[in-house]
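Comments concern the structure below.
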Amino acid sequence: TVDVKYVSVLFCGDDAIDTDKGYSGRIQFAFVMLAEWSHHGTEMDGPNTSGATIEKRSFPQLYNALFVSDLDNNPASTSSDDLHPAVLRLREGTGGQFGNIIITNIGTAGILQSACGDETRSGDDAPPSSPGAPDYLWISPNTIFQGDANGFLNVDDSACADVFGDSFGFTQDPQLVLLPTSSDEFMPFMDPRPVPGGNAYARADDLPHAWFTQVDYSGAFGD
């Protein structure tokens with residue numbers, strides 16, 4: 001397990017941020033940009049075990065991340081590991097904390113979760129105090145979603161109780177300076193910084209540990 005700050009992953013063929021096998025590190029200031037043919041922005045797994053209880057559950061703590069997808073993104077075009085189209089993919093009972101997140105150019109689902117386990121799943125204003133890590137998954141209700149489709153979807157409702165729902169988070173323009181709706185390595189120009197005083201500054205989450213750099217915005221960049 002490692003901690004990471006200031007990471008960019010652009011136009012990858014497979015998943016941009018992939019966690020599994022009990023990963024419990026902290027990530028801040030992550031910028032992910034997907035092309036039409038890219039796989040997911042994240043693929044975060046439990047790891048998978050038989051039954052609902054996971055002995056060594058993954059618990060990524062991701063704050064201040066900007067995920068820019070492509071409205072025509074099709075993960076089936078590159079990888080056959082997981083064909084469900086979504087920007088962020090959560091699977092196999094992963095735990096974790098996700099705050100100050102912006103997801104743009106959503107063509108299908110911003111966050112898609114399946115194969116839940118016995119983790120507590122919460123979209124409350126703050127992470128739960130009980131149970132403790134790693135046995136919960138918290139996604140901030142301040143998450144910003146922008147695009148043509150849903151913010152949050154479950155693909156296995158029998159295992160994933162409907163805690164978040166389609167109306168979870170804020171569906172709005174994050175007011176970034178310049179981002180196209182379709183992107184690849186040949187795009188001439190972009191500027192993913194937020195407009196000063198715009199929506200990215202409206203509802204920043206409290207950061208849970210002194211390791212994190214204290215900021216007053218969502219997404220990977222300040223103005």
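Following the order of the structure tokens, first chain is A, next is B, and so on, with residues numbered from 1 inside each chain and ligands from 1 in the order they appear.
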
Could you give me, as a ChimeraX atom specification, the residues within 8 Å of Ser140 of chain A, counting only C-alpha atoms and dropping anything in the same chain fewer than 2 positions from it?
-> /A:97-100,123-126,138,142-143,169,205

Considering only C-alpha atoms, return as a count of residues only whatever protein or nucleic-acid residues lie within 8 Å of Val32 of chain A, sequence-local ones (same chain, fewer than 3 positions apart) excluded.
-> 9

Within 10 Å of Glu185 of chain A, counting only C-alpha atoms, which residues show up once you throw out same-chain ones fewer than 5 positions away? Write them as a list in words, please.
->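 Non-adjacent residues within range: Leu10, Phe11, Met33, Leu34 and Ala35 of chain A.
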
Go ahead and write the residues just picked, N, CA and C atoms, as a compact mmCIF listing (two decimals), in the first residue's frame.
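Produced file out31.txt, reproduced below:
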```
# COMPACT_ATOMS: atom_id res chain seq x y z
N LEU A 10 -3.79 9.77 -18.46
CA LEU A 10 -4.52 10.27 -19.62
C LEU A 10 -4.61 9.21 -20.71
N PHE A 11 -5.84 8.98 -21.21
CA PHE A 11 -6.10 8.19 -22.41
C PHE A 11 -5.54 6.77 -22.30
N MET A 33 -8.21 11.37 -17.46
CA MET A 33 -8.92 11.74 -18.69
C MET A 33 -9.04 10.51 -19.57
N LEU A 34 -10.27 10.18 -19.97
CA LEU A 34 -10.54 8.99 -20.76
C LEU A 34 -10.84 9.37 -22.21
N ALA A 35 -10.36 8.55 -23.13
CA ALA A 35 -10.73 8.68 -24.53
C ALA A 35 -11.96 7.81 -24.80
```

Can you list, as a PyMOL selection string, all residues belonging to segment 63-215 of chain A that DSSP tags as helix (DSSP H, G or I)?
-> chain A and resi 75-77+199-201

Do a neighbour search on Pro131 of chain A at 12 Å with only C-alpha atoms, toss out local chain neighbours closer than 4 positions, and write the hits as a ChimeraX atom specification.
-> /A:95,118-122,127,135-138

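Using only C-alpha atoms, the smallest distance between any of A:Pro196, A:Pro180, A:Gly132, A:Trp211 and Gly25 of chain A comes from A:Trp211.
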
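Of the listed residues (A:Asp148, A:Asp72, A:Asp45, A:Glu55), A:Asp45 comes nearest to Leu88 of chain A; the distances count only C-alpha atoms.
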
Using only C-alpha atoms, which residue out of A:Thr19, A:Ser130, A:Ser38, A:Thr213 lies closest to Ser69 of chain A?
->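 Of A:Thr19, A:Ser130, A:Ser38, A:Thr213, the one nearest Ser69 of chain A is A:Ser38, counting only C-alpha atoms.
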
Expressed in Å to a single decimal, how great is the separation between atom CA of Ala115 of chain A and atom CA of Pro141 of chain A?
->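 Calculated distance between atom CA of Ala115 of chain A and atom CA of Pro141 of chain A is 21.7 Å.
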
May I have the residues within 12 Å of Ser167 of chain A as a compact mmCIF listing (two decimals) with all heavy atoms, in the first residue's frame, using only C-alpha atoms and disregarding those fewer than 2 positions away in the same chain?
```txt
# COMPACT_ATOMS: atom_id res chain seq x y z
N ALA A 109 -22.81 6.01 -16.80
CA ALA A 109 -22.90 6.14 -15.35
C ALA A 109 -21.63 6.79 -14.84
O ALA A 109 -20.53 6.48 -15.29
CB ALA A 109 -23.09 4.78 -14.69
N GLY A 110 -21.78 7.69 -13.87
CA GLY A 110 -20.62 8.30 -13.26
C GLY A 110 -19.89 7.31 -12.37
O GLY A 110 -18.68 7.12 -12.46
N GLY A 123 -23.79 7.56 2.05
CA GLY A 123 -23.67 8.83 1.35
C GLY A 123 -24.01 9.99 2.27
O GLY A 123 -24.44 11.04 1.80
N PRO A 141 -21.81 13.16 -0.54
CA PRO A 141 -22.98 13.67 -1.26
C PRO A 141 -22.70 14.95 -2.02
O PRO A 141 -23.55 15.43 -2.77
CB PRO A 141 -24.00 13.89 -0.14
CG PRO A 141 -23.17 14.18 1.07
CD PRO A 141 -21.95 13.30 0.92
N ASN A 142 -21.49 15.51 -1.85
CA ASN A 142 -21.10 16.72 -2.57
C ASN A 142 -20.45 16.41 -3.91
O ASN A 142 -20.02 17.34 -4.62
CB ASN A 142 -20.13 17.55 -1.72
CG ASN A 142 -20.77 18.05 -0.45
OD1 ASN A 142 -21.95 18.42 -0.44
ND2 ASN A 142 -20.00 18.06 0.63
N THR A 143 -20.36 15.13 -4.27
CA THR A 143 -19.78 14.75 -5.55
C THR A 143 -20.52 15.45 -6.70
O THR A 143 -21.75 15.49 -6.73
CB THR A 143 -19.85 13.23 -5.74
OG1 THR A 143 -19.12 12.61 -4.67
CG2 THR A 143 -19.25 12.80 -7.06
N ILE A 144 -19.75 16.00 -7.64
CA ILE A 144 -20.34 16.70 -8.78
C ILE A 144 -20.33 15.79 -10.00
O ILE A 144 -19.29 15.24 -10.37
CB ILE A 144 -19.56 17.99 -9.10
CG1 ILE A 144 -19.67 18.97 -7.92
CG2 ILE A 144 -20.09 18.65 -10.38
CD1 ILE A 144 -18.86 20.24 -8.11
N PHE A 145 -21.50 15.61 -10.61
CA PHE A 145 -21.67 14.80 -11.82
C PHE A 145 -22.11 15.72 -12.96
O PHE A 145 -23.02 16.54 -12.79
CB PHE A 145 -22.73 13.72 -11.62
CG PHE A 145 -22.45 12.74 -10.53
CD1 PHE A 145 -22.93 12.93 -9.23
CD2 PHE A 145 -21.72 11.58 -10.79
CE1 PHE A 145 -22.68 12.01 -8.23
CE2 PHE A 145 -21.48 10.65 -9.79
CZ PHE A 145 -21.96 10.87 -8.51
N ALA A 149 -26.01 11.32 -18.65
CA ALA A 149 -26.60 10.13 -18.06
C ALA A 149 -26.59 10.22 -16.54
O ALA A 149 -26.39 11.29 -15.97
CB ALA A 149 -25.85 8.88 -18.54
N ASN A 150 -26.79 9.08 -15.90
CA ASN A 150 -26.97 9.02 -14.46
C ASN A 150 -25.66 9.25 -13.70
O ASN A 150 -24.58 8.98 -14.20
CB ASN A 150 -27.54 7.65 -14.06
CG ASN A 150 -28.91 7.42 -14.63
OD1 ASN A 150 -29.88 8.04 -14.24
ND2 ASN A 150 -28.99 6.50 -15.57
N GLY A 151 -25.81 9.69 -12.45
CA GLY A 151 -24.65 9.84 -11.60
C GLY A 151 -24.19 8.53 -10.99
O GLY A 151 -23.05 8.12 -11.12
N PHE A 152 -25.12 7.82 -10.32
CA PHE A 152 -24.75 6.60 -9.60
C PHE A 152 -25.72 5.49 -9.97
O PHE A 152 -26.92 5.70 -9.99
CB PHE A 152 -24.80 6.83 -8.09
CG PHE A 152 -24.10 5.76 -7.30
CD1 PHE A 152 -22.87 6.02 -6.74
CD2 PHE A 152 -24.65 4.51 -7.13
CE1 PHE A 152 -22.19 5.04 -6.01
CE2 PHE A 152 -23.99 3.53 -6.42
CZ PHE A 152 -22.77 3.80 -5.85
N LEU A 153 -25.19 4.31 -10.26
CA LEU A 153 -26.01 3.17 -10.60
C LEU A 153 -25.51 1.92 -9.88
O LEU A 153 -24.30 1.75 -9.69
CB LEU A 153 -26.00 2.89 -12.11
CG LEU A 153 -26.75 3.85 -13.03
CD1 LEU A 153 -26.54 3.42 -14.48
CD2 LEU A 153 -28.23 3.88 -12.70
N ASP A 162 -30.01 0.04 -2.25
CA ASP A 162 -30.09 1.33 -2.93
C ASP A 162 -29.86 2.46 -1.92
O ASP A 162 -30.79 3.12 -1.48
CB ASP A 162 -31.44 1.47 -3.62
CG ASP A 162 -31.48 2.71 -4.52
OD1 ASP A 162 -30.42 3.31 -4.72
OD2 ASP A 162 -32.57 3.03 -5.01
N VAL A 163 -28.59 2.67 -1.56
CA VAL A 163 -28.24 3.71 -0.60
C VAL A 163 -28.07 5.05 -1.30
O VAL A 163 -28.46 6.09 -0.77
CB VAL A 163 -26.93 3.33 0.14
CG1 VAL A 163 -26.43 4.48 1.00
CG2 VAL A 163 -27.15 2.08 0.98
N PHE A 164 -27.52 5.03 -2.51
CA PHE A 164 -27.17 6.28 -3.20
C PHE A 164 -28.28 6.73 -4.14
O PHE A 164 -28.83 7.81 -4.00
CB PHE A 164 -25.85 6.10 -3.94
CG PHE A 164 -24.71 5.70 -3.04
CD1 PHE A 164 -24.26 4.39 -3.00
CD2 PHE A 164 -24.10 6.63 -2.22
CE1 PHE A 164 -23.21 4.02 -2.16
CE2 PHE A 164 -23.06 6.27 -1.37
CZ PHE A 164 -22.61 4.96 -1.35
N GLY A 165 -28.63 5.91 -5.13
CA GLY A 165 -29.71 6.26 -6.02
C GLY A 165 -29.29 7.19 -7.14
O GLY A 165 -28.23 7.82 -7.11
N GLY A 169 -25.75 13.10 -5.12
CA GLY A 169 -24.75 14.11 -5.48
C GLY A 169 -25.39 15.32 -6.14
O GLY A 169 -26.60 15.55 -6.07
N PHE A 170 -24.55 16.09 -6.81
CA PHE A 170 -24.99 17.31 -7.49
C PHE A 170 -24.77 17.16 -8.99
O PHE A 170 -23.65 16.96 -9.44
CB PHE A 170 -24.22 18.52 -6.97
CG PHE A 170 -24.66 18.98 -5.61
CD1 PHE A 170 -24.12 18.40 -4.48
CD2 PHE A 170 -25.62 19.97 -5.47
CE1 PHE A 170 -24.53 18.81 -3.21
CE2 PHE A 170 -26.04 20.38 -4.21
CZ PHE A 170 -25.49 19.79 -3.08
N THR A 171 -25.85 17.21 -9.74
CA THR A 171 -25.77 17.17 -11.19
C THR A 171 -25.70 18.60 -11.69
O THR A 171 -26.72 19.31 -11.73
CB THR A 171 -26.98 16.44 -11.78
OG1 THR A 171 -27.06 15.12 -11.23
CG2 THR A 171 -26.86 16.35 -13.30
N GLN A 172 -24.51 19.04 -12.04
CA GLN A 172 -24.33 20.43 -12.42
C GLN A 172 -23.01 20.61 -13.16
O GLN A 172 -22.15 19.73 -13.16
CB GLN A 172 -24.33 21.34 -11.19
CG GLN A 172 -23.19 21.08 -10.23
CD GLN A 172 -23.22 21.98 -9.00
OE1 GLN A 172 -22.30 21.98 -8.21
NE2 GLN A 172 -24.27 22.75 -8.82
```

Best match for closeness to Phe168 of chain A among A:Val155, A:Val2, A:Ile111, A:Ala200, counting only C-alpha atoms =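 That would be A:Ile111, the residue with the smallest distance to Phe168 of chain A.
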
How would you write, as a list in words, the set of residues in segment 4-37 of chain A that DSSP gives as strand (DSSP E)?
->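 Listing strand (DSSP E) positions across segment 4-37 of chain A yields Val4, Lys5, Tyr6, Val7, Ser8, Val9, Leu10, Ile17, Asp18, Thr19, Arg26, Ile27, Gln28, Phe29, Ala30, Phe31, Val32 and Met33 of chain A.
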
Give the answer as one residue: which of A:Asn105, A:Phe31, A:Ala159, A:Ile54 has the shortest atom-to-atom distance to Arg193 of chain A, using only C-alpha atoms?
->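 For Arg193 of chain A, the nearest of the given residues is A:Phe31.
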
The residue from A:Phe29, A:Phe59, A:Tyr23, A:Phe189 with the smallest atom-to-atom distance to Gly222 of chain A, counting only C-alpha atoms, is A:Phe29
